[in-house]
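Colleague: Pasting a structure here, questions to come.
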Amino acid sequence: MLRRTFLLLWFWIGIVPACAAQPVLQPIENFSFVQITDLHIPPHLIRTGEPQPPPGADALAWINQQIVQPQTVEDLGFHFPVPSFGLATGDLTEYGMIDDTWPQFEKNFSALPFPLYVTAGNHDNTWVAMLHILRQRYGGENYSFDKSGCHFVMLCSATPQEPIPTIPAQTRTWLKRDLDAIAPGTPVFVAMHHPIWSDEFANPAESDTFIDLLRNYNVVLMLYGHGHSVRYDTTDGIDGTMGGSTFGKNAGYALVSLQDERLRVLYHYFHNPQSGETNAAPLWKTLLDKPISVKPAQRLFQIIEPLTIHNDQLDVTLKPKTVTQHLDDGKTEFQIDGNIVPAQFLGSDKPQPAWRIQLPDLIAGRHLLTVRAKAADGDSDLRTAIFQTPTDSLNCIWRLDLPAAVKAAPVVIDDQLVLARTDGIVTAVNRQTGQLRWEFKTGGEILGTPAWSGMNLVFGSGDGKVYSLDRDGKMQWSFQSRLPVYGTPLLDNDRAYIGDNGGRLLALQLESGSPVWTFSRADYSIECRPCLWNDLLIFGAWDGYLYAVDRHTGQLKWKVYGPKSSDGQASRYYAPADVAPVMFGDSLWVCDRGYLLGTYDATGSPIKQIAQDIAAINVTPDGEFLITRGLKDQVCKLNQKGEVAWTVPIPAGRFPIPPACHQDKIYVCSNRGLLSVLAASDGKLLKQYQTTPGFYVMAPITVDQEGICYIAAMDGTVTALKLD
């Protein structure tokens, strides 16, 4: 009897909860929702008066009137109920969420009788990123909800404090966990600002791998913004629509309806997009009309890993989903890093067909294989795999795959390497082995590179705090700024100086975190590290200005435009905000988002423009030369007069990542992960290594005293390399 009771208890405790935890497929009910996108609400600063009206205010008022009513499309005979909710797919504002801007956005939709779910666009996340608002309102930058048997995913493709889009490691980690938790076959809608086919992504590294991930689920529609166009597209079998804007010739909104097992997407124009005249009768355009399915995703095959390389040949084996499935050799395409390569079919007499690829001339490192295949019945599928080509000159000591991206430079503390992640976690590993030492969790993303004083590791977080940790990861103090702190700190004697998203520069006691003074303020966020010039702290902000304040009091000494910012209304676009100014010779050297390099004297007066197409700068350790990274894939060495010592044409790119200088070598990592090592004396190219298969690298390189360089990337990889 006792044994029977025990078995029954085991059943109810172990088996029943496990069964109850299985997601159940829900029936699809008829419903509709609307998509609005790209509103570009003007900023409202606290120092200004009444807020400006939004662009296309008349169209926006019309949209608000229309979307709260039943939707009738007379020409097509469609009658839909009042929408159940709305999606706003980014570029909600023009310059991010400074001051009263978010309430101004909300005010435009305060009368809606249904919820409005939003995600960020590049305009929302560059000048003053809105991730803290998404976290407060929806629980995170990425979130989901369910409605009438369907699952909705709101993804943030807008990189914080950077206009180029990414789908970073923390987004992929969250997305897989989220979609694995729903019932197989559930229709999934994915909404994000940037279309996945946009060449702004690190294609094909991001696009192909992202589609490969989504194909594991029943994704029935992707909804985009960004392009201000009204269009339909399909990407490797996944349907997508772009939702126009709320102003301009395509002003209007998209209506998405699920009715009688059909999915329809229609766009309702405010103006006739051809004539530009307001229509007395509504103008609708059908973008998509298809049956909606409730079935688990069907994958045709998988790539057998690891891939093997022999004599510059890559052997690829594909495993069909079923033993009766046969892939069509003539319709199987292979790409390496986005380029189609010929493949020799090795026969189909085996259950697992194989191909042999003669590898093109590849730089040593990591590369992406994409396989697109069709079955005999016409079904198609896409799979991706990463493979490694060997090198005998750069030793990969170790590589980590973190569940989040790293945008800050790795920091060396004795025998540890500290990594500040975009999921708000600080991770310390053994810098020789990559093994975990400790972790510290904050409540928001960490974007600025932490600074190490020998006793204090100081950094800011999107949760609105500045932290100080000791070498073992134990918190010494925290300071509550109440606004996201994305600045890179400068440590000087007993003080830490760091900027926040409210345009303030904070001076804190290094020992206690107590505030010394606060400079208030620039009009937009301060993220670059301040430069110390005698008694002046000099820094740029996203309002287009350079600021100089007294290091002792925080009193403003001067304020001038950056090198390119003087171009009128475009000053914010060209701001000297994300590259730290440097002291070089007897002047201040500054480059900005207009990619112009110029010099200033101690009073803030411009001296001269040095060069164009410059994305980032760094001074050599001896203080004699300046190394620049440029848009035209060039790295240059300049003397104190601005004269060119040498120029090397290597992949570099537009990211504001200063070249790393260590002893007699210079390290430059391109936008898409190609590391180049140069001789500092003459610029001779010594070695190259592909650290990612094309994913963006936005973190500065760190080189330790032993010459090991560390490259952290947006795909969550951290690579430790040593020149042989």
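A note on labels: chains of the structure tokens are A, B, ... as shown, every chain counts residues from 1, and ligands are counted from 1 in their shown order.
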Please extract the residues of range 61-281 of chain A with a backbone DSSP assignment of helix (DSSP H, G or I) and present them as a PyMOL selection string.
Modeller: chain A and resi 61-66+74-76+101-107+122-125+131-138+169-180+205-214
Colleague: Quick one: everything within 8 Å of Met698 in chain A, counting only C-alpha atoms, minus sequence neighbours fewer than 5 positions away in the same chain. Send it as a PDB file with C-alpha atoms, in the first residue's frame.
Modeller:
```
ATOM      1  CA  VAL A 406      29.045  42.811 -26.832  1.00  0.00           C
ATOM      2  CA  LYS A 407      29.252  46.426 -28.025  1.00  0.00           C
ATOM      3  CA  ALA A 408      31.823  47.568 -25.435  1.00  0.00           C
ATOM      4  CA  PHE A 655      31.673  52.154 -37.359  1.00  0.00           C
ATOM      5  CA  PRO A 656      33.198  54.515 -34.770  1.00  0.00           C
ATOM      6  CA  ILE A 657      35.760  51.949 -33.601  1.00  0.00           C
ATOM      7  CA  ASN A 671      32.449  46.295 -39.897  1.00  0.00           C
ATOM      8  CA  ALA A 712      33.798  40.844 -29.382  1.00  0.00           C
ATOM      9  CA  ALA A 713      30.932  40.823 -31.873  1.00  0.00           C
ATOM     10  CA  MET A 714      27.189  41.355 -32.168  1.00  0.00           C
TER      11      MET A 714
END
```
Colleague: Would you kindly return, as a ChimeraX atom specification, each protein, DNA or RNA residue with an atom no farther than 9 Å from any atom of range 683-694 of chain A, considering only C-alpha atoms and excluding same-chain residues fewer than 3 positions away?
Modeller: /A:202-206,337,363-368,386-387,391,393-394,635-637,646-648,650,665-666,669,671-680,697,711-713,715,717-719,723
Colleague: Take the selection from the previous step and output its residues with C-alpha atoms, as a short mmCIF file (atom, residue, chain, number, x, y, z; two decimals), in the first residue's frame.
Modeller:
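Result file follows (out_19.cif):
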```cif
data_model
loop_
_atom_site.label_atom_id
_atom_site.label_comp_id
_atom_site.auth_asym_id
_atom_site.auth_seq_id
_atom_site.Cartn_x
_atom_site.Cartn_y
_atom_site.Cartn_z
CA ALA A 202 25.17 42.21 -42.18
CA ASN A 203 23.91 40.17 -45.11
CA PRO A 204 23.91 37.25 -45.52
CA ALA A 205 25.23 36.46 -42.05
CA GLU A 206 22.21 37.99 -40.33
CA ASP A 337 29.50 34.25 -47.55
CA ILE A 363 40.82 34.46 -45.68
CA ALA A 364 41.50 32.23 -42.69
CA GLY A 365 38.74 32.25 -40.11
CA ARG A 366 34.96 31.80 -39.92
CA HIS A 367 32.70 31.66 -42.96
CA LEU A 368 29.02 31.06 -43.68
CA ILE A 386 29.41 28.13 -40.00
CA PHE A 387 32.75 26.57 -40.84
CA THR A 391 45.56 29.41 -40.37
CA SER A 393 50.00 32.44 -38.47
CA LEU A 394 47.21 33.62 -36.16
CA VAL A 635 43.72 53.07 -42.58
CA CYS A 636 46.03 56.09 -42.40
CA LYS A 637 48.87 57.27 -40.21
CA TRP A 646 51.19 56.06 -44.97
CA THR A 647 47.83 54.81 -46.21
CA VAL A 648 46.82 51.16 -46.44
CA ILE A 650 42.17 47.38 -46.17
CA LYS A 665 51.43 46.79 -34.43
CA ILE A 666 48.05 48.26 -35.31
CA CYS A 669 38.56 45.11 -37.43
CA ASN A 671 32.45 46.30 -39.90
CA ARG A 672 31.91 42.62 -40.69
CA GLY A 673 34.60 41.05 -38.58
CA LEU A 674 37.77 40.96 -40.70
CA LEU A 675 40.79 41.58 -38.45
CA SER A 676 43.84 43.15 -40.10
CA VAL A 677 47.17 43.46 -38.29
CA LEU A 678 49.52 46.15 -39.64
CA ALA A 679 53.09 47.15 -38.92
CA ALA A 680 52.97 50.54 -37.22
CA VAL A 697 31.68 43.98 -34.91
CA ILE A 711 37.40 40.77 -30.63
CA ALA A 712 33.80 40.84 -29.38
CA ALA A 713 30.93 40.82 -31.87
CA ASP A 715 26.63 37.62 -32.72
CA THR A 717 31.21 35.58 -30.08
CA VAL A 718 34.40 36.65 -28.34
CA THR A 719 37.60 35.56 -30.06
CA LEU A 723 49.99 36.52 -33.74
#
```
Colleague: Which of these, A:His79, A:Lys564, A:Arg654, A:His44, has the shortest distance to Ile164 in chain A once you count only C-alpha atoms?
Modeller: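 Of A:His79, A:Lys564, A:Arg654, A:His44, the one nearest Ile164 in chain A is A:Arg654, counting only C-alpha atoms.
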Colleague: Can you tell me which residues surround Leu255 in chain A at a distance of at most 8 Å, considering only C-alpha atoms, apart from same-chain residues fewer than 3 positions away, and format the answer as a list in words?
Modeller: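 Once the adjacent positions are removed, what remains is Ser32, Phe33, Val34, Gln35, Val265, Leu266, Tyr267 and His268 of chain A.
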Colleague: Could you please determine the separation between CA of Leu112 in chain A and CA of Arg231 in chain A in Å, to one decimal place?
Modeller: 26.2 Å
Colleague: List every residue of range 424-505 of chain A that DSSP, applied to the backbone, labels as strand (DSSP E), and write the result as a ChimeraX atom specification.
Modeller: /A:425-430,436-441,451-452,457-460,465-469,475-480,490-492,495-499,504-505
Colleague: When you draw a straight line from CA of Pro450 in chain A to CA of Ile498 in chain A, how long is it in Å?
Modeller: 10.4 Å
Colleague: Nearest residue to Thr518 in chain A out of A:Gly237, A:Pro113, A:Gly544, A:Gly554, using only C-alpha atoms?
Modeller: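 Under the stated criterion, the closest residue is A:Gly554.
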Colleague: Which residues are close to Asn125 in chain A, i.e. within 7 Å by only C-alpha atoms, leaving aside same-chain residues fewer than 5 positions away? Reply as a count of residues only.
Modeller: 7
Colleague: So, with only C-alpha atoms as the atoms that count, which of A:Asn493, A:Thr389, A:Ser670, A:Ser229 lies closest to Gln634 in chain A?
Modeller: A:Ser670
Colleague: Nearest to Asp414 in chain A among A:Tyr217, A:Tyr269, A:Trp452, A:Trp438, with distances taken over only C-alpha atoms: which residue is it?
Modeller: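 Closest to Asp414 in chain A of all the choices is A:Trp452.
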Colleague: With only C-alpha atoms as the atoms that count, which of A:Tyr467, A:Phe105, A:Tyr253, A:Phe80 lies nearest to Gly443 in chain A?
Modeller: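 Residue with the minimum atom-to-atom distance to Gly443 in chain A: A:Tyr467.
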Colleague: Give me the residues near range 575-580 of chain A as a PDB file with N, CA and C atoms, in the first residue's frame, where near means some atom within 6 Å (using only C-alpha atoms) and where sequence neighbours in that chain fewer than 6 positions away do not count.
Modeller:
```pdb
ATOM      1  N   CYS A 528      30.181  59.342 -25.676  1.00  0.00           N
ATOM      2  CA  CYS A 528      31.626  59.181 -25.859  1.00  0.00           C
ATOM      3  C   CYS A 528      32.373  59.470 -24.558  1.00  0.00           C
ATOM      4  N   ARG A 529      33.580  58.947 -24.470  1.00  0.00           N
ATOM      5  CA  ARG A 529      34.421  59.204 -23.298  1.00  0.00           C
ATOM      6  C   ARG A 529      34.940  60.637 -23.348  1.00  0.00           C
ATOM      7  N   GLY A 540      31.676  65.280 -26.902  1.00  0.00           N
ATOM      8  CA  GLY A 540      30.638  65.563 -27.873  1.00  0.00           C
ATOM      9  C   GLY A 540      29.309  64.989 -27.422  1.00  0.00           C
ATOM     10  N   ALA A 541      28.232  65.509 -27.998  1.00  0.00           N
ATOM     11  CA  ALA A 541      26.888  65.020 -27.682  1.00  0.00           C
ATOM     12  C   ALA A 541      26.102  64.881 -28.976  1.00  0.00           C
ATOM     13  N   TRP A 542      24.962  64.188 -28.884  1.00  0.00           N
ATOM     14  CA  TRP A 542      24.163  63.916 -30.072  1.00  0.00           C
ATOM     15  C   TRP A 542      23.335  65.114 -30.530  1.00  0.00           C
ATOM     16  N   GLY A 544      24.952  67.658 -31.741  1.00  0.00           N
ATOM     17  CA  GLY A 544      25.816  68.237 -32.761  1.00  0.00           C
ATOM     18  C   GLY A 544      26.936  69.098 -32.221  1.00  0.00           C
ATOM     19  N   GLY A 562      30.526  70.538 -33.964  1.00  0.00           N
ATOM     20  CA  GLY A 562      31.553  69.623 -34.429  1.00  0.00           C
ATOM     21  C   GLY A 562      31.970  69.955 -35.845  1.00  0.00           C
ATOM     22  N   SER A 565      28.978  69.449 -38.103  1.00  0.00           N
ATOM     23  CA  SER A 565      27.655  69.765 -37.551  1.00  0.00           C
ATOM     24  C   SER A 565      27.135  71.130 -37.945  1.00  0.00           C
ATOM     25  N   ASP A 592      33.491  63.179 -36.508  1.00  0.00           N
ATOM     26  CA  ASP A 592      32.081  63.112 -36.159  1.00  0.00           C
ATOM     27  C   ASP A 592      31.339  62.186 -37.105  1.00  0.00           C
ATOM     28  N   ARG A 593      29.993  62.113 -36.949  1.00  0.00           N
ATOM     29  CA  ARG A 593      29.197  61.225 -37.768  1.00  0.00           C
ATOM     30  C   ARG A 593      29.047  61.757 -39.202  1.00  0.00           C
ATOM     31  N   PRO A 656      32.283  53.632 -35.512  1.00  0.00           N
ATOM     32  CA  PRO A 656      33.198  54.515 -34.770  1.00  0.00           C
ATOM     33  C   PRO A 656      34.112  53.732 -33.831  1.00  0.00           C
TER      34      PRO A 656
END
```
Colleague: Select from range 345-426 of chain A every residue with an atom at most 6 Å from any atom of range 303-314 of chain A, then for each give the shortest pair of atoms and their distance in Å to one decimal, using only C-alpha atoms, rows by chain and rising number, as JSON lines.
Modeller:
```
{"residue": "A:Arg356", "atom": "CA", "partner": "A:Leu314", "partner_atom": "CA", "distance": 5.7}
{"residue": "A:Ile357", "atom": "CA", "partner": "A:Leu314", "partner_atom": "CA", "distance": 5.0}
{"residue": "A:Gln358", "atom": "CA", "partner": "A:Gln313", "partner_atom": "CA", "distance": 4.6}
{"residue": "A:Leu359", "atom": "CA", "partner": "A:Gln313", "partner_atom": "CA", "distance": 5.5}
```
Colleague: With a distance cut-off of 9 Å and only C-alpha atoms, select the neighbouring residues of Ile610 in chain A, excluding the residue or stretch itself and same-chain residues fewer than 2 positions from it, and output the selection as a list in words.
Modeller: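 The filter keeps Leu596, Leu597, Gly598, Thr599, Lys608, Gln612, Lys641, Gly642 and Glu643 of chain A.
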Colleague: Please, could you write that set of residues out with N, CA and C atoms as a short mmCIF file (atom, residue, chain, number, x, y, z; two decimals), in the first residue's frame?
Modeller:
```cif
data_model
loop_
_atom_site.label_atom_id
_atom_site.label_comp_id
_atom_site.auth_asym_id
_atom_site.auth_seq_id
_atom_site.Cartn_x
_atom_site.Cartn_y
_atom_site.Cartn_z
N LEU A 596 34.05 63.75 -40.84
CA LEU A 596 35.00 64.82 -41.09
C LEU A 596 35.93 64.94 -39.88
N LEU A 597 37.23 64.99 -40.12
CA LEU A 597 38.23 65.13 -39.07
C LEU A 597 38.74 66.56 -39.05
N GLY A 598 38.66 67.19 -37.88
CA GLY A 598 39.11 68.58 -37.75
C GLY A 598 39.81 68.81 -36.43
N THR A 599 40.44 69.98 -36.30
CA THR A 599 41.18 70.33 -35.09
C THR A 599 40.62 71.62 -34.49
N LYS A 608 41.51 73.80 -38.39
CA LYS A 608 41.40 73.43 -39.80
C LYS A 608 40.76 72.06 -39.92
N GLN A 612 38.51 63.99 -44.87
CA GLN A 612 37.13 63.53 -44.98
C GLN A 612 37.09 62.00 -44.91
N LYS A 641 50.99 67.45 -37.93
CA LYS A 641 50.58 68.49 -38.87
C LYS A 641 49.43 68.02 -39.77
N GLY A 642 49.03 66.77 -39.58
CA GLY A 642 47.98 66.23 -40.42
C GLY A 642 48.50 65.65 -41.72
N GLU A 643 49.81 65.54 -41.86
CA GLU A 643 50.41 64.98 -43.06
C GLU A 643 50.36 63.46 -43.00
#
```
